[in-house]
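The data block below is coords39.cif; it holds mmCIF, C-alpha atoms.
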data_structure
loop_
_atom_site.label_atom_id
_atom_site.label_comp_id
_atom_site.auth_asym_id
_atom_site.auth_seq_id
_atom_site.Cartn_x
_atom_site.Cartn_y
_atom_site.Cartn_z
CA MET A 13 45.85 14.80 -17.00
CA ALA A 14 44.41 11.44 -16.02
CA ARG A 15 41.14 10.48 -17.58
CA PRO A 16 38.20 10.11 -15.16
CA SER A 17 37.49 6.55 -14.15
CA GLY A 18 34.26 4.76 -14.94
CA ARG A 19 33.22 5.22 -11.30
CA ASP A 20 33.90 8.97 -11.47
CA ILE A 21 31.75 9.25 -14.60
CA ARG A 22 28.91 7.28 -12.99
CA ILE A 23 29.05 9.32 -9.76
CA LYS A 24 28.89 12.56 -11.76
CA ALA A 25 25.90 11.23 -13.69
CA LEU A 26 24.13 10.16 -10.50
CA LYS A 27 24.63 13.58 -8.95
CA LYS A 28 23.09 15.19 -12.01
CA LEU A 29 20.08 12.86 -11.75
CA CYS A 30 19.67 13.81 -8.08
CA GLU A 31 19.91 17.59 -8.58
CA GLY A 32 17.29 19.70 -6.85
CA GLY A 33 16.58 17.05 -4.22
CA ALA A 34 15.36 14.46 -6.75
CA ILE A 35 15.18 10.85 -5.58
CA LEU A 36 15.28 7.77 -7.78
CA HIS A 37 15.31 4.05 -7.19
CA ILE A 38 18.57 2.21 -7.80
CA THR A 39 16.86 0.11 -10.51
CA GLU A 40 15.94 3.27 -12.42
CA ALA A 41 19.43 4.67 -11.91
CA ALA A 42 21.01 1.50 -13.28
CA GLN A 43 18.78 1.68 -16.37
CA LYS A 44 19.61 5.34 -17.01
CA LEU A 45 23.36 4.73 -16.64
CA GLU A 46 23.18 1.45 -18.59
CA THR A 47 24.94 -0.44 -15.84
CA SER A 48 24.02 -2.87 -13.06
CA GLU A 49 22.64 -2.23 -9.58
CA ILE A 50 25.63 -4.10 -8.16
CA THR A 51 28.00 -1.68 -9.89
CA ILE A 52 26.17 1.34 -8.49
CA ARG A 53 26.13 -0.13 -4.97
CA ARG A 54 29.86 -0.76 -5.30
CA ASP A 55 30.43 2.81 -6.52
CA LEU A 56 28.60 4.20 -3.46
CA GLY A 57 30.07 1.74 -0.99
CA ASP A 58 33.00 3.90 0.15
CA GLY A 59 30.70 6.62 1.48
CA ASP A 60 32.82 9.38 -0.08
CA SER A 61 30.68 10.06 -3.14
CA GLY A 62 28.27 12.58 -1.64
CA ILE A 63 25.38 10.27 -2.55
CA LEU A 64 23.26 8.13 -0.23
CA CYS A 65 21.45 4.89 -1.02
CA LEU A 66 18.68 4.33 1.54
CA GLY A 67 16.12 1.57 1.18
CA GLY A 68 17.06 1.22 -2.49
CA TYR A 69 16.57 4.94 -3.17
CA ILE A 70 19.40 7.23 -4.25
CA MET A 71 19.69 10.89 -3.21
CA LEU A 72 22.32 13.51 -2.57
CA ALA A 73 23.82 13.21 0.91
CA GLU A 74 23.83 16.99 1.14
CA GLU A 75 21.40 19.14 -0.81
CA LYS A 76 23.31 22.09 -2.29
CA GLY A 77 26.15 21.36 0.14
CA GLU A 78 23.96 21.95 3.17
CA ARG A 79 22.83 19.74 6.04
CA TYR A 80 19.84 20.63 8.17
CA SER A 81 20.37 23.45 10.62
CA LEU A 82 17.48 24.77 12.70
CA THR A 83 19.08 28.22 12.78
CA HIS A 84 19.20 28.35 8.99
CA ALA A 85 15.73 26.81 8.54
CA GLN A 86 14.11 29.41 10.79
CA GLY A 87 15.08 32.10 8.30
CA THR A 88 13.58 30.42 5.21
CA ASN A 89 10.01 30.36 3.80
CA ILE A 90 8.77 32.40 6.76
CA VAL A 91 5.50 33.56 5.18
CA ALA A 92 4.45 30.03 4.21
CA LYS A 93 5.44 28.65 7.61
CA ARG A 94 3.39 31.29 9.41
CA ARG A 95 0.36 30.50 7.27
CA ILE A 96 0.69 26.78 7.97
CA ALA A 97 1.16 27.40 11.71
CA ALA A 98 -1.96 29.57 11.78
CA GLU A 99 -4.00 26.72 10.29
CA ALA A 100 -2.62 24.31 12.87
CA ALA A 101 -3.39 26.71 15.72
CA LYS A 102 -7.09 26.64 14.83
CA LEU A 103 -7.19 23.01 16.01
CA ILE A 104 -6.04 23.76 19.57
CA GLU A 105 -8.92 24.00 22.03
CA PRO A 106 -9.32 24.71 25.77
CA GLU A 107 -8.30 21.79 28.00
CA ASP A 108 -6.07 20.28 25.29
CA THR A 109 -2.75 18.63 26.02
CA VAL A 110 -0.75 19.12 22.83
CA PHE A 111 2.60 17.85 21.64
CA ILE A 112 4.53 20.36 19.53
CA ASP A 113 7.45 18.79 17.71
CA ALA A 114 10.81 20.37 16.98
CA GLY A 115 11.25 22.31 13.76
CA SER A 116 11.18 25.72 12.13
CA THR A 117 7.52 25.61 11.03
CA LEU A 118 6.21 24.63 14.45
CA HIS A 119 8.30 27.44 15.90
CA HIS A 120 5.55 29.71 14.54
CA LEU A 121 2.79 27.60 16.13
CA ALA A 122 3.99 27.93 19.72
CA PRO A 123 3.15 31.65 20.18
CA LEU A 124 -0.36 30.99 18.83
CA VAL A 125 -1.33 28.55 21.59
CA PRO A 126 -4.44 30.02 23.31
CA GLN A 127 -3.64 31.58 26.67
CA ASN A 128 -5.50 31.07 29.95
CA ALA A 129 -7.39 28.09 28.49
CA ASN A 130 -5.94 25.32 30.69
CA ILE A 131 -3.75 24.01 27.88
CA THR A 132 -0.62 21.93 28.42
CA VAL A 133 2.14 21.89 25.82
CA VAL A 134 4.53 18.94 25.68
CA THR A 135 7.72 19.39 23.69
CA GLN A 136 11.32 18.23 23.30
CA ALA A 137 12.29 21.42 21.46
CA MET A 138 14.12 24.34 23.02
CA ASN A 139 12.68 26.97 20.65
CA ILE A 140 9.13 25.79 21.36
CA ALA A 141 9.69 25.85 25.13
CA GLU A 142 11.13 29.37 24.97
CA SER A 143 7.91 30.59 23.33
CA ILE A 144 5.54 28.70 25.61
CA VAL A 145 7.04 30.04 28.85
CA ARG A 146 6.08 33.56 27.70
CA LEU A 147 2.37 32.67 27.47
CA ASP A 148 -0.02 33.27 30.35
CA GLY A 149 -1.88 30.30 31.74
CA VAL A 150 -0.19 27.66 29.55
CA THR A 151 1.53 24.72 31.26
CA LEU A 152 4.83 23.57 29.77
CA MET A 153 6.05 19.97 30.04
CA MET A 154 9.63 19.90 28.79
CA VAL A 155 10.84 16.49 27.61
CA SER A 156 14.51 16.65 28.50
CA GLY A 157 17.74 14.73 27.98
CA ILE A 158 20.78 15.24 25.79
CA TYR A 159 20.59 18.47 23.81
CA HIS A 160 21.19 18.31 20.04
CA PRO A 161 21.92 21.84 18.76
CA GLU A 162 21.52 20.97 15.07
CA SER A 163 17.81 20.22 15.64
CA GLY A 164 17.35 22.29 18.81
CA SER A 165 15.86 19.27 20.58
CA PHE A 166 16.41 16.84 23.45
CA SER A 167 16.40 13.04 23.53
CA SER A 168 16.90 10.41 26.24
CA ASP A 169 15.38 7.31 27.82
CA THR A 170 13.97 9.62 30.50
CA ALA A 171 12.17 11.59 27.79
CA LEU A 172 10.51 8.43 26.55
CA GLN A 173 9.43 7.52 30.09
CA MET A 174 7.93 10.99 30.55
CA LEU A 175 5.92 10.62 27.35
CA GLN A 176 4.51 7.29 28.50
CA GLU A 177 2.80 9.10 31.38
CA VAL A 178 1.10 11.80 29.30
CA ASN A 179 -2.25 11.62 27.52
CA ILE A 180 -1.82 13.87 24.49
CA THR A 181 -5.06 15.01 22.88
CA LYS A 182 -3.40 16.46 19.75
CA GLY A 183 0.09 16.03 18.38
CA PHE A 184 1.66 18.35 15.80
CA PHE A 185 4.63 16.78 14.02
CA SER A 186 7.24 18.20 11.65
CA ALA A 187 9.04 16.43 8.81
CA ALA A 188 12.01 17.13 6.58
CA GLY A 189 10.85 14.72 3.90
CA ILE A 190 7.57 13.08 2.90
CA HIS A 191 7.88 10.14 0.52
CA GLU A 192 5.00 8.13 -0.92
CA SER A 193 6.51 4.70 -0.26
CA GLU A 194 9.28 5.29 2.29
CA GLY A 195 7.24 7.45 4.67
CA VAL A 196 7.71 10.56 6.76
CA THR A 197 11.35 11.31 7.48
CA CYS A 198 13.75 13.59 9.32
CA PHE A 199 17.48 14.25 9.16
CA HIS A 200 18.56 12.95 12.57
CA PHE A 201 18.20 9.47 14.03
CA HIS A 202 18.08 10.79 17.59
CA GLU A 203 14.68 12.34 16.77
CA ILE A 204 12.98 9.05 15.90
CA ALA A 205 12.28 7.60 19.35
CA VAL A 206 10.69 10.77 20.76
CA LYS A 207 8.60 11.36 17.64
CA LYS A 208 7.35 7.77 17.62
CA ALA A 209 6.55 7.83 21.33
CA ALA A 210 4.60 11.07 20.94
CA ILE A 211 2.71 9.68 17.94
CA ALA A 212 1.74 6.62 19.99
CA ARG A 213 0.47 8.78 22.88
CA SER A 214 -1.51 11.25 20.73
CA GLN A 215 -5.25 10.76 20.25
CA ARG A 216 -5.16 12.94 17.12
CA ARG A 217 -2.03 13.42 15.01
CA PHE A 218 -1.29 16.15 12.47
CA LEU A 219 1.62 16.46 10.07
CA VAL A 220 2.70 20.10 9.81
CA SER A 221 5.06 20.62 6.89
CA ASP A 222 5.05 22.61 3.67
CA PRO A 223 4.49 20.90 0.29
CA THR A 224 8.14 21.33 -0.76
CA LYS A 225 8.93 18.36 1.48
CA TRP A 226 6.95 16.03 -0.79
CA GLY A 227 9.13 13.55 -2.67
CA LYS A 228 12.10 14.21 -0.37
CA LEU A 229 13.63 11.25 1.47
CA ARG A 230 15.75 12.00 4.52
CA PRO A 231 17.89 9.46 6.42
CA ALA A 232 15.55 8.71 9.35
CA THR A 233 11.99 7.39 8.93
CA PHE A 234 9.65 7.91 11.89
CA GLY A 235 6.20 7.32 10.40
CA HIS A 236 3.92 7.10 7.39
CA LEU A 237 1.26 9.41 6.04
CA SER A 238 -1.39 6.96 7.27
CA ASP A 239 -0.27 7.69 10.85
CA PHE A 240 -1.67 11.22 10.59
CA GLU A 241 -5.22 12.52 10.44
CA SER A 242 -4.21 15.24 7.99
CA TRP A 243 -1.25 17.02 6.46
CA ILE A 244 -1.80 20.64 7.44
CA GLY A 245 0.89 22.12 5.19
CA ARG A 246 -0.68 20.63 2.09
CA ASP A 247 -4.17 21.66 3.22
CA ALA A 248 -3.02 25.21 4.00
CA GLU A 249 -1.44 25.51 0.56
CA LEU A 250 -4.66 24.38 -1.10
CA LEU A 251 -6.63 26.89 0.94
CA SER A 252 -4.23 29.65 -0.09
CA GLN A 253 -4.53 28.74 -3.78
CA ASN A 254 -8.31 28.56 -3.62
CA SER A 255 -8.51 31.98 -1.97
CA GLY A 256 -6.21 33.46 -4.60
CA SER A 257 -3.68 34.70 -2.05
#

In structure tokens, what does this structure look like?
Amino acid sequence: MARPSGRDIRIKALKKLCEGGAILHITEAAQKLETSEITIRRDLGDGDSGILCLGGYIMLAEEKGERYSLTHAQGTNIVAKRRIAAEAAKLIEPEDTVFIDAGSTLHHLAPLVPQNANITVVTQAMNIAESIVRLDGVTLMMVSGIYHPESGSFSSDTALQMLQEVNITKGFFSAAGIHESEGVTCFHFHEIAVKKAAIARSQRRFLVSDPTKWGKLRPATFGHLSDFESWIGRDAELLSQNSGS
């Protein structure tokens, strides 16, 4: 049996360092493996290692062999997501025009939008729209385009033009990763333009994501924590801990 190559040994070591969604800078990785950054970049250059290097940070390309799927995400952490959505819903007031982003947590916010209060909901997400159309007296503005089933959302130049014409009083945004230096991230690059356009058009902006996303870095950056008035998932978790629930 052939002995593993030096690259194979380094890739195995990097995967162990990145277990559980851990992220480390390439400088730190080089120190731990007692090699050079150039060697690590060369090892990862073929794209077949299962490891990504984004902005100098190294992470597993697939966490536990799984890429994001809205269908799968909707069945995980349901209790926490409902609690976070309930906190977000408290911010919606009569006459608001709100943007509700795609995602499994915000899926629980949509049914909580107050009815018959002259509220307009703007969204690019199919699951959000399906909930909103069942509510009485709530206006739906669907941002359309090409449908992406993995995220359950639409994107197009037309969608961006539609957003330019809307004055959003409050925007609720989801994230798959929240990183101190690299920002607020998602899995899919097609999501970036719509998210950024909605952020720009929102008078108040809220990040709605559970604390497990902290420290995670996903491929596509669409903002920074400073872009948002508050992080509702973190606040909801603190409230839960303080209440002893």

Near stretch 215-239 of chain A, 10 Å: stretch 93-190 of chain A residue rows, closest pairs, only C-alpha atoms, as JSON lines:
{"residue": "A:Lys93", "atom": "CA", "partner": "A:Asp222", "partner_atom": "CA", "distance": 7.2}
{"residue": "A:Arg95", "atom": "CA", "partner": "A:Asp222", "partner_atom": "CA", "distance": 9.9}
{"residue": "A:Ile96", "atom": "CA", "partner": "A:Val220", "partner_atom": "CA", "distance": 7.2}
{"residue": "A:Ala97", "atom": "CA", "partner": "A:Val220", "partner_atom": "CA", "distance": 7.7}
{"residue": "A:Glu99", "atom": "CA", "partner": "A:Val220", "partner_atom": "CA", "distance": 9.4}
{"residue": "A:Ala100", "atom": "CA", "partner": "A:Val220", "partner_atom": "CA", "distance": 7.4}
{"residue": "A:Leu103", "atom": "CA", "partner": "A:Phe218", "partner_atom": "CA", "distance": 9.7}
{"residue": "A:Val110", "atom": "CA", "partner": "A:Arg216", "partner_atom": "CA", "distance": 9.5}
{"residue": "A:Phe111", "atom": "CA", "partner": "A:Arg217", "partner_atom": "CA", "distance": 9.2}
{"residue": "A:Ile112", "atom": "CA", "partner": "A:Val220", "partner_atom": "CA", "distance": 9.9}
{"residue": "A:Asp113", "atom": "CA", "partner": "A:Val220", "partner_atom": "CA", "distance": 9.3}
{"residue": "A:Gly115", "atom": "CA", "partner": "A:Ser221", "partner_atom": "CA", "distance": 9.4}
{"residue": "A:Ser116", "atom": "CA", "partner": "A:Ser221", "partner_atom": "CA", "distance": 9.5}
{"residue": "A:Thr117", "atom": "CA", "partner": "A:Ser221", "partner_atom": "CA", "distance": 6.9}
{"residue": "A:Leu118", "atom": "CA", "partner": "A:Val220", "partner_atom": "CA", "distance": 7.4}
{"residue": "A:Leu121", "atom": "CA", "partner": "A:Val220", "partner_atom": "CA", "distance": 9.8}
{"residue": "A:Asn179", "atom": "CA", "partner": "A:Gln215", "partner_atom": "CA", "distance": 7.9}
{"residue": "A:Ile180", "atom": "CA", "partner": "A:Gln215", "partner_atom": "CA", "distance": 6.3}
{"residue": "A:Thr181", "atom": "CA", "partner": "A:Gln215", "partner_atom": "CA", "distance": 5.0}
{"residue": "A:Lys182", "atom": "CA", "partner": "A:Arg216", "partner_atom": "CA", "distance": 4.7}
{"residue": "A:Gly183", "atom": "CA", "partner": "A:Arg217", "partner_atom": "CA", "distance": 4.8}
{"residue": "A:Phe184", "atom": "CA", "partner": "A:Phe218", "partner_atom": "CA", "distance": 5.0}
{"residue": "A:Phe185", "atom": "CA", "partner": "A:Leu219", "partner_atom": "CA", "distance": 5.0}
{"residue": "A:Ser186", "atom": "CA", "partner": "A:Val220", "partner_atom": "CA", "distance": 5.3}
{"residue": "A:Ala187", "atom": "CA", "partner": "A:Ser221", "partner_atom": "CA", "distance": 6.1}
{"residue": "A:Ala188", "atom": "CA", "partner": "A:Lys225", "partner_atom": "CA", "distance": 6.1}
{"residue": "A:Gly189", "atom": "CA", "partner": "A:Lys228", "partner_atom": "CA", "distance": 4.5}
{"residue": "A:Ile190", "atom": "CA", "partner": "A:Trp226", "partner_atom": "CA", "distance": 4.8}

As an exercise, work out the distance from atom CA of A:Lys208 to atom CA of A:Val196 in Å and give it to one decimal place.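 Result for atom CA of A:Lys208 versus atom CA of A:Val196: 11.2 Å, one decimal.
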
Quick one, how far is atom CA of A:Phe201 from atom CA of A:Gly57? 20.6 Å

Selection in question (the file shown): the PyMOL selection byres ((chain A and resi 176) around 9). Which residues does it include, as an MDAnalysis selection string? chainID A and resid 171:175 177:179 209:210 212:213

Run the PyMOL selection byres ((chain A and resi 202) around 10) against the file shown and list the residues it catches, as an MDAnalysis selection string. chainID A and resid 158 160 163 165:168 198:201 203:207 232
